[in-house]
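Next comes run-v3.txt, with compact mmCIF, C-alpha atoms.
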```txt
# COMPACT_ATOMS: atom_id res chain seq x y z
CA GLN A 704 9.93 -8.20 14.26
CA LYS A 705 7.89 -5.07 13.69
CA GLU A 706 4.21 -5.94 13.71
CA VAL A 707 0.90 -4.32 12.94
CA GLU A 708 -2.17 -6.06 14.29
CA GLN A 709 -5.74 -5.69 13.13
CA ASN A 710 -8.87 -7.67 13.86
CA SER A 711 -9.58 -9.52 10.63
CA GLY A 712 -13.34 -9.29 11.10
CA PRO A 713 -15.67 -9.36 9.41
CA LEU A 714 -17.00 -6.32 11.20
CA SER A 715 -20.67 -5.85 10.43
CA VAL A 716 -22.44 -2.56 11.12
CA PRO A 717 -25.89 -1.32 10.06
CA GLU A 718 -26.16 1.46 7.53
CA GLY A 719 -25.90 4.86 9.20
CA ALA A 720 -23.95 3.58 12.21
CA ILE A 721 -20.37 4.37 13.20
CA ALA A 722 -17.80 1.77 12.17
CA SER A 723 -14.72 1.61 14.39
CA LEU A 724 -11.59 -0.05 13.06
CA ASN A 725 -8.60 -0.61 15.29
CA CYS A 726 -4.90 -1.21 14.80
CA THR A 727 -1.99 -1.70 17.18
CA TYR A 728 1.68 -1.61 16.32
CA SER A 729 4.78 -2.90 18.03
CA ASP A 730 7.49 -0.35 17.19
CA ARG A 731 7.28 2.58 19.59
CA GLY A 732 9.45 4.69 17.27
CA SER A 733 6.89 4.64 14.43
CA GLN A 734 5.96 8.06 13.12
CA SER A 735 3.66 7.60 10.13
CA PHE A 736 0.30 5.88 10.08
CA PHE A 737 -1.96 5.26 7.12
CA TRP A 738 -5.38 3.79 6.42
CA TYR A 739 -6.10 2.26 3.04
CA ARG A 740 -9.42 0.99 1.75
CA GLN A 741 -9.35 -1.96 -0.63
CA TYR A 742 -12.36 -3.23 -2.51
CA SER A 743 -12.28 -6.85 -3.61
CA GLY A 744 -10.09 -7.25 -6.68
CA LYS A 745 -8.97 -3.60 -6.63
CA SER A 746 -5.87 -1.80 -5.43
CA PRO A 747 -5.51 -0.08 -2.03
CA GLU A 748 -6.82 3.47 -1.90
CA LEU A 749 -5.37 5.90 0.64
CA ILE A 750 -8.13 7.40 2.76
CA MET A 751 -6.34 8.85 5.79
CA PHE A 752 -2.87 9.47 7.17
CA ILE A 753 -1.88 10.77 10.58
CA TYR A 754 1.43 11.67 12.17
CA SER A 755 0.54 13.38 15.46
CA ASN A 756 -1.31 12.22 18.55
CA GLY A 757 -4.98 13.07 18.54
CA ASP A 758 -7.73 13.09 15.98
CA LYS A 759 -7.71 13.99 12.31
CA GLU A 760 -11.01 14.37 10.50
CA ASP A 761 -11.79 14.26 6.79
CA GLY A 762 -15.46 14.14 5.88
CA ARG A 763 -17.02 11.02 7.40
CA PHE A 764 -13.61 9.63 8.36
CA THR A 765 -11.68 10.28 11.57
CA ALA A 766 -8.27 8.84 12.29
CA GLN A 767 -7.17 8.68 15.91
CA LEU A 768 -3.60 8.15 17.08
CA ASN A 769 -2.33 7.38 20.56
CA LYS A 770 1.42 6.83 20.45
CA ALA A 771 1.67 6.08 24.18
CA SER A 772 -0.70 3.15 23.74
CA GLN A 773 0.66 2.33 20.24
CA TYR A 774 -2.83 2.41 18.88
CA VAL A 775 -4.39 3.93 15.79
CA SER A 776 -8.03 3.76 14.82
CA LEU A 777 -10.34 4.76 12.00
CA LEU A 778 -13.92 5.85 12.60
CA ILE A 779 -16.38 5.94 9.74
CA ARG A 780 -19.51 7.94 10.57
CA ASP A 781 -22.84 7.41 8.79
CA SER A 782 -21.58 4.15 7.29
CA GLN A 783 -22.81 3.37 3.79
CA PRO A 784 -22.97 0.04 1.94
CA SER A 785 -20.30 1.48 -0.38
CA ASP A 786 -17.93 1.53 2.61
CA SER A 787 -17.96 -2.28 2.61
CA ALA A 788 -14.35 -3.19 1.91
CA THR A 789 -11.16 -4.36 3.58
CA TYR A 790 -9.37 -1.64 5.53
CA LEU A 791 -5.60 -1.90 5.77
CA CYS A 792 -3.65 -0.19 8.52
CA ALA A 793 -0.07 0.63 7.49
CA VAL A 794 2.76 1.93 9.65
CA ASN A 795 6.19 3.21 8.74
CA PRO A 796 8.25 1.75 11.56
CA TYR A 797 11.41 3.72 10.80
CA SER A 798 12.39 7.31 11.32
CA GLY A 799 15.68 7.49 9.45
CA ALA A 800 16.22 9.17 6.13
CA GLY A 801 15.34 7.08 3.11
CA SER A 802 13.12 4.69 5.01
CA TYR A 803 10.20 3.72 2.83
CA GLN A 804 8.91 0.42 4.07
CA LEU A 805 5.34 0.21 5.21
CA THR A 806 4.34 -2.58 7.53
CA PHE A 807 0.76 -3.53 6.77
CA GLY A 808 -1.74 -5.18 9.03
CA LYS A 809 -3.68 -8.07 7.57
CA GLY A 810 -6.74 -5.88 7.15
CA THR A 811 -10.21 -5.73 8.63
CA LYS A 812 -13.14 -6.64 6.42
CA LEU A 813 -16.03 -4.24 6.98
CA SER A 814 -19.55 -5.08 5.92
CA VAL A 815 -22.22 -2.35 6.08
CA ILE A 816 -25.69 -3.88 6.14
CA PRO A 817 -28.46 -1.88 4.40
CA ASP B 207 -4.14 14.74 -9.03
CA THR B 208 -3.02 11.58 -7.24
CA GLU B 209 -3.07 9.21 -10.19
CA VAL B 210 -0.70 6.36 -10.81
CA THR B 211 -1.37 4.38 -13.98
CA GLN B 212 -0.37 0.82 -14.74
CA THR B 213 -0.44 -1.28 -17.88
CA PRO B 214 -1.56 -3.85 -18.72
CA LYS B 215 -4.55 -4.42 -16.42
CA HIS B 216 -4.36 -8.16 -16.94
CA LEU B 217 -1.53 -10.38 -18.16
CA VAL B 218 -1.41 -14.11 -18.78
CA MET B 219 2.01 -15.52 -19.53
CA GLY B 220 3.68 -18.88 -19.81
CA MET B 221 6.68 -19.84 -17.75
CA THR B 222 9.05 -19.30 -20.69
CA ASN B 223 7.73 -15.89 -21.71
CA LYS B 224 9.29 -12.49 -21.18
CA LYS B 225 6.93 -9.63 -20.43
CA SER B 226 7.03 -6.21 -18.81
CA LEU B 227 4.74 -4.29 -16.49
CA LYS B 228 4.65 -0.52 -16.76
CA CYS B 229 3.84 2.21 -14.28
CA GLU B 230 3.62 5.97 -14.70
CA GLN B 231 2.99 8.90 -12.40
CA HIS B 232 2.92 12.64 -13.04
CA MET B 233 2.77 13.90 -9.48
CA GLY B 234 6.44 14.82 -9.32
CA HIS B 235 7.06 12.02 -6.85
CA ARG B 236 10.67 10.86 -6.61
CA ALA B 237 10.07 7.55 -4.84
CA MET B 238 8.41 4.66 -6.69
CA TYR B 239 7.59 1.17 -5.49
CA TRP B 240 6.66 -2.29 -6.70
CA TYR B 241 4.49 -4.46 -4.47
CA LYS B 242 3.10 -7.96 -4.88
CA GLN B 243 -0.25 -8.87 -3.38
CA LYS B 244 -1.72 -12.36 -3.11
CA ALA B 245 -5.39 -12.92 -2.40
CA LYS B 246 -6.51 -12.02 1.12
CA LYS B 247 -3.01 -10.86 2.07
CA PRO B 248 -1.58 -7.36 2.49
CA PRO B 249 0.80 -5.95 -0.13
CA GLU B 250 4.42 -7.11 0.10
CA LEU B 251 7.15 -4.66 -0.86
CA MET B 252 9.45 -5.83 -3.67
CA PHE B 253 11.50 -2.82 -4.79
CA VAL B 254 11.92 0.87 -4.04
CA TYR B 255 13.43 3.47 -6.37
CA SER B 256 14.49 6.84 -5.02
CA TYR B 257 15.56 9.49 -7.54
CA GLU B 258 15.70 6.78 -10.22
CA LYS B 259 18.14 4.68 -8.22
CA LEU B 260 17.28 1.30 -6.74
CA SER B 261 17.11 1.88 -3.01
CA ILE B 262 15.58 -1.34 -1.73
CA ASN B 263 15.40 -4.88 -3.10
CA GLU B 264 13.52 -7.08 -0.67
CA SER B 265 15.41 -10.23 -1.68
CA VAL B 266 13.27 -10.64 -4.77
CA PRO B 267 14.21 -13.48 -7.17
CA SER B 268 16.18 -12.41 -10.24
CA ARG B 269 13.32 -13.44 -12.54
CA PHE B 270 11.88 -10.05 -11.55
CA SER B 271 13.97 -7.16 -12.86
CA PRO B 272 12.99 -3.55 -12.12
CA GLU B 273 13.91 -0.54 -14.18
CA CYS B 274 13.35 3.18 -13.69
CA PRO B 275 13.97 4.94 -17.03
CA ASN B 276 13.07 8.38 -15.64
CA SER B 277 11.40 10.00 -12.67
CA SER B 278 7.89 9.31 -13.99
CA LEU B 279 8.24 5.74 -15.22
CA LEU B 280 8.82 2.41 -13.54
CA ASN B 281 8.99 -0.96 -15.28
CA LEU B 282 9.07 -4.51 -13.99
CA HIS B 283 10.56 -7.03 -16.41
CA LEU B 284 9.40 -10.60 -15.97
CA HIS B 285 11.18 -13.72 -17.19
CA ALA B 286 10.83 -17.42 -16.47
CA LEU B 287 8.15 -16.91 -13.86
CA GLN B 288 6.56 -19.67 -11.82
CA PRO B 289 2.83 -20.29 -11.28
CA GLU B 290 3.25 -19.15 -7.66
CA ASP B 291 4.19 -15.71 -8.98
CA SER B 292 0.58 -15.21 -10.04
CA ALA B 293 -0.66 -12.21 -8.06
CA LEU B 294 -1.75 -8.58 -8.26
CA TYR B 295 1.31 -6.40 -8.93
CA LEU B 296 0.97 -2.92 -7.58
CA CYS B 297 2.98 0.18 -8.34
CA ALA B 298 3.00 3.08 -5.88
CA SER B 299 4.67 6.45 -5.62
CA SER B 300 5.34 9.03 -2.94
CA GLN B 301 7.32 12.13 -2.26
CA ASP B 302 10.81 11.34 -1.08
CA ARG B 303 11.47 12.09 2.56
CA PRO B 304 14.32 14.60 2.86
CA GLY B 305 15.54 13.46 6.25
CA ARG B 306 14.37 12.22 9.59
CA GLY B 307 10.69 12.49 10.24
CA PRO B 308 7.41 11.05 9.08
CA SER B 309 7.41 9.34 5.71
CA TYR B 310 5.09 10.57 3.01
CA GLU B 311 1.95 8.76 1.98
CA GLN B 312 2.13 6.26 -0.87
CA TYR B 313 -0.42 6.28 -3.68
CA PHE B 314 -1.13 3.00 -5.44
CA GLY B 315 -1.94 2.39 -9.07
CA PRO B 316 -4.79 0.06 -10.11
CA GLY B 317 -2.46 -2.92 -10.42
CA THR B 318 -1.73 -5.60 -13.00
CA ARG B 319 -3.39 -8.97 -12.43
CA LEU B 320 -0.75 -11.50 -13.49
CA THR B 321 -1.47 -15.16 -14.16
CA VAL B 322 1.42 -17.50 -14.90
CA THR B 323 0.42 -20.73 -16.64
```
Hey, can you dump this file as structure tokens for me?
Amino acid sequence: QKEVEQNSGPLSVPEGAIASLNCTYSDRGSQSFFWYRQYSGKSPELIMFIYSNGDKEDGRFTAQLNKASQYVSLLIRDSQPSDSATYLCAVNPYSGAGSYQLTFGKGTKLSVIP
Amino acid sequence: DTEVTQTPKHLVMGMTNKKSLKCEQHMGHRAMYWYKQKAKKPPELMFVYSYEKLSINESVPSRFSPECPNSSLLNLHLHALQPEDSALYLCASSQDRPGRGPSYEQYFGPGTRLTVT
């Protein structure tokens, strides 16, 4: 059973702080890693994807991947109340052609306190 | 442009009705997906179309019938649904992966909130 684990939270951080969201996965062969943000009642919105070990930065967001530890994280710098949402970690556990399935974690609810 | 559109936004249907959900993308993506999401749960994959052919059916009941009329459109036909089928139905699209290697990112539409009475 290929699994993706996230702390369900809620994770509360003060406005302006760094929010750190973590995700571990079970399939060592996984190659694609995605972070989605989902506001209550809305659809998931892709905010970051990462394929290689290391850090990938986009504005206030940084995704970090460590394949040896099977760990992927999302850092949100200068957190804003508008960042309050559920963050879904998604992993493609397959590497073969035509493999489309994403395994989602259950999501971490982030609350940014003004 | 990373837009996937879905209609209708909301749908209420009885258990004997037949209705359809529609999805459209103009990003040139050749893989399209239907997901179902219940409250406080992650999305669950239902179907995948690759180059307009059904690639994956995740053992979905036959009361859900997908259709891909062309590379930009995806439909989900609904018939004789049950109240437990009430959920947010999400369409997504992505580039199709040509071979081994990382899969491409999926972009979700806004969803259709379905209520079965």
>> Just want the 7 Å neighbourhood of A:Asn795, counted on all atoms listed in the file, with same-chain residues fewer than 2 positions away dropped. Output as a list in words.
In response: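 The filter keeps Ser733, Gln734, Ser735, Phe736, Ala793, Tyr797, Gln804, Leu805 and Thr806 of chain A; Ser309 of chain B.
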How about saving the chosen residues, C-alpha atoms kept, as an mmCIF file, in the coordinates of the input?
```cif
data_model
loop_
_atom_site.group_PDB
_atom_site.id
_atom_site.type_symbol
_atom_site.label_atom_id
_atom_site.label_comp_id
_atom_site.auth_asym_id
_atom_site.auth_seq_id
_atom_site.Cartn_x
_atom_site.Cartn_y
_atom_site.Cartn_z
ATOM 1 C CA SER A 733 6.890 4.640 14.430
ATOM 2 C CA GLN A 734 5.960 8.060 13.120
ATOM 3 C CA SER A 735 3.660 7.600 10.130
ATOM 4 C CA PHE A 736 0.300 5.880 10.080
ATOM 5 C CA ALA A 793 -0.070 0.630 7.490
ATOM 6 C CA TYR A 797 11.410 3.720 10.800
ATOM 7 C CA GLN A 804 8.910 0.420 4.070
ATOM 8 C CA LEU A 805 5.340 0.210 5.210
ATOM 9 C CA THR A 806 4.340 -2.580 7.530
ATOM 10 C CA SER B 309 7.410 9.340 5.710
#
```
>> What are the residues of chain A lining chain B at 10 Å or less? Count all atoms listed in the file, and put the answer as number ranges by chain.
In response: A: 733-739, 741, 743-749, 751-755, 789, 791-810
>> Nearest residue to A:Ile816 out of A:Ile779, A:Val707, A:Ser785, A:Tyr790, using only C-alpha atoms?
In response: A:Ser785
> What is the atom CA of A:Asn725 to atom CA of A:Gln709 distance in Å?
Replying inline: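 For atom CA of A:Asn725 relative to atom CA of A:Gln709, the distance reads 6.2 Å.
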>> Just checking: using all atoms listed in the file, which residue out of A:Tyr728, A:Gly757, A:Ser782, A:Ser787 ends up closest to A:Lys812?
In response: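 Nearest candidate to A:Lys812 out of A:Tyr728, A:Gly757, A:Ser782, A:Ser787: A:Ser787.
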Can you pull out every residue within 6 Å of A:Gln767, counting only C-alpha atoms, but drop anything in the same chain fewer than 6 positions away, and send it as a tab-separated table (two decimals) with C-alpha atoms, keeping the file's coordinate frame?
```tsv
chain	number	residue	atom	x	y	z
A	757	GLY	CA	-4.98	13.07	18.54
A	758	ASP	CA	-7.73	13.09	15.98
A	775	VAL	CA	-4.39	3.93	15.79
A	776	SER	CA	-8.03	3.76	14.82
```
>> What's the separation between atom CA of B:Thr222 and atom CA of B:Val266, in Å to one decimal place?
In response: 18.6 Å
> Of the candidates B:Met219, B:Gln231, B:Ala293, B:His283, which one gets nearest to B:Ser271 if we count all atoms listed in the file?
Replying inline: B:His283
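Taking atom CA of B:Val210 and atom CA of B:Asn223 as endpoints, the distance between them is 26.2 Å.
You can rank A:Ala766, A:Asp786, A:Glu760, A:Val815 by their closest distance to A:Val716 using all atoms listed in the file, and at the top of that list sits A:Val815.
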Output stretch 257-280 of chain B with N, CA, C and O atoms present, as a short mmCIF file (atom, residue, chain, number, x, y, z; two decimals), in the frame of the given file.
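Once everything was written out, this is result.cif:
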```cif
data_model
loop_
_atom_site.label_atom_id
_atom_site.label_comp_id
_atom_site.auth_asym_id
_atom_site.auth_seq_id
_atom_site.Cartn_x
_atom_site.Cartn_y
_atom_site.Cartn_z
N TYR B 257 14.83 8.68 -6.55
CA TYR B 257 15.56 9.49 -7.54
C TYR B 257 16.18 8.60 -8.61
O TYR B 257 17.37 8.71 -8.94
N GLU B 258 15.37 7.69 -9.13
CA GLU B 258 15.70 6.78 -10.22
C GLU B 258 16.79 5.77 -9.88
O GLU B 258 17.27 5.06 -10.77
N LYS B 259 17.15 5.68 -8.62
CA LYS B 259 18.14 4.68 -8.22
C LYS B 259 17.46 3.63 -7.34
O LYS B 259 16.65 3.97 -6.48
N LEU B 260 17.85 2.37 -7.55
CA LEU B 260 17.28 1.30 -6.74
C LEU B 260 17.76 1.46 -5.30
O LEU B 260 18.96 1.44 -5.01
N SER B 261 16.81 1.63 -4.42
CA SER B 261 17.11 1.88 -3.01
C SER B 261 16.92 0.63 -2.17
O SER B 261 17.66 0.38 -1.23
N ILE B 262 15.90 -0.14 -2.51
CA ILE B 262 15.58 -1.34 -1.73
C ILE B 262 15.21 -2.47 -2.67
O ILE B 262 14.42 -2.28 -3.61
N ASN B 263 15.79 -3.63 -2.44
CA ASN B 263 15.40 -4.88 -3.10
C ASN B 263 15.14 -5.85 -1.97
O ASN B 263 16.07 -6.27 -1.27
N GLU B 264 13.87 -6.22 -1.80
CA GLU B 264 13.52 -7.08 -0.67
C GLU B 264 13.77 -8.55 -0.99
O GLU B 264 12.87 -9.38 -0.94
N SER B 265 15.01 -8.85 -1.39
CA SER B 265 15.41 -10.23 -1.68
C SER B 265 14.49 -10.90 -2.69
O SER B 265 14.06 -12.05 -2.52
N VAL B 266 14.18 -10.13 -3.74
CA VAL B 266 13.27 -10.64 -4.77
C VAL B 266 14.06 -11.50 -5.76
O VAL B 266 15.18 -11.13 -6.13
N PRO B 267 13.50 -12.63 -6.20
CA PRO B 267 14.21 -13.48 -7.17
C PRO B 267 14.56 -12.73 -8.44
O PRO B 267 13.85 -11.81 -8.85
N SER B 268 15.66 -13.13 -9.08
CA SER B 268 16.18 -12.41 -10.24
C SER B 268 15.26 -12.52 -11.46
O SER B 268 15.48 -11.79 -12.44
N ARG B 269 14.26 -13.38 -11.42
CA ARG B 269 13.32 -13.44 -12.54
C ARG B 269 12.46 -12.18 -12.61
O ARG B 269 11.74 -11.94 -13.58
N PHE B 270 12.51 -11.37 -11.55
CA PHE B 270 11.88 -10.05 -11.55
C PHE B 270 13.00 -9.00 -11.64
O PHE B 270 13.89 -8.97 -10.80
N SER B 271 12.93 -8.15 -12.66
CA SER B 271 13.97 -7.16 -12.86
C SER B 271 13.35 -5.78 -13.01
O SER B 271 12.68 -5.49 -14.00
N PRO B 272 13.57 -4.89 -12.03
CA PRO B 272 12.99 -3.55 -12.12
C PRO B 272 13.86 -2.61 -12.94
O PRO B 272 15.07 -2.82 -13.09
N GLU B 273 13.21 -1.57 -13.43
CA GLU B 273 13.91 -0.54 -14.18
C GLU B 273 13.19 0.78 -13.99
O GLU B 273 11.96 0.81 -14.02
N CYS B 274 13.96 1.85 -13.82
CA CYS B 274 13.35 3.18 -13.69
C CYS B 274 13.97 4.08 -14.75
O CYS B 274 15.00 4.72 -14.50
N PRO B 275 13.36 4.18 -15.94
CA PRO B 275 13.97 4.94 -17.03
C PRO B 275 14.04 6.45 -16.76
O PRO B 275 14.96 7.12 -17.23
N ASN B 276 13.04 6.97 -16.04
CA ASN B 276 13.07 8.38 -15.64
C ASN B 276 12.19 8.56 -14.42
O ASN B 276 11.61 7.58 -13.91
N SER B 277 12.06 9.77 -13.96
CA SER B 277 11.40 10.00 -12.67
C SER B 277 9.92 9.71 -12.70
O SER B 277 9.28 9.62 -11.65
N SER B 278 9.33 9.55 -13.90
CA SER B 278 7.89 9.31 -13.99
C SER B 278 7.54 7.86 -14.29
O SER B 278 6.38 7.48 -14.17
N LEU B 279 8.51 7.09 -14.72
CA LEU B 279 8.24 5.74 -15.22
C LEU B 279 8.94 4.68 -14.39
O LEU B 279 10.07 4.87 -13.92
N LEU B 280 8.25 3.56 -14.24
CA LEU B 280 8.82 2.41 -13.54
C LEU B 280 8.37 1.17 -14.29
O LEU B 280 7.20 1.03 -14.61
#
```
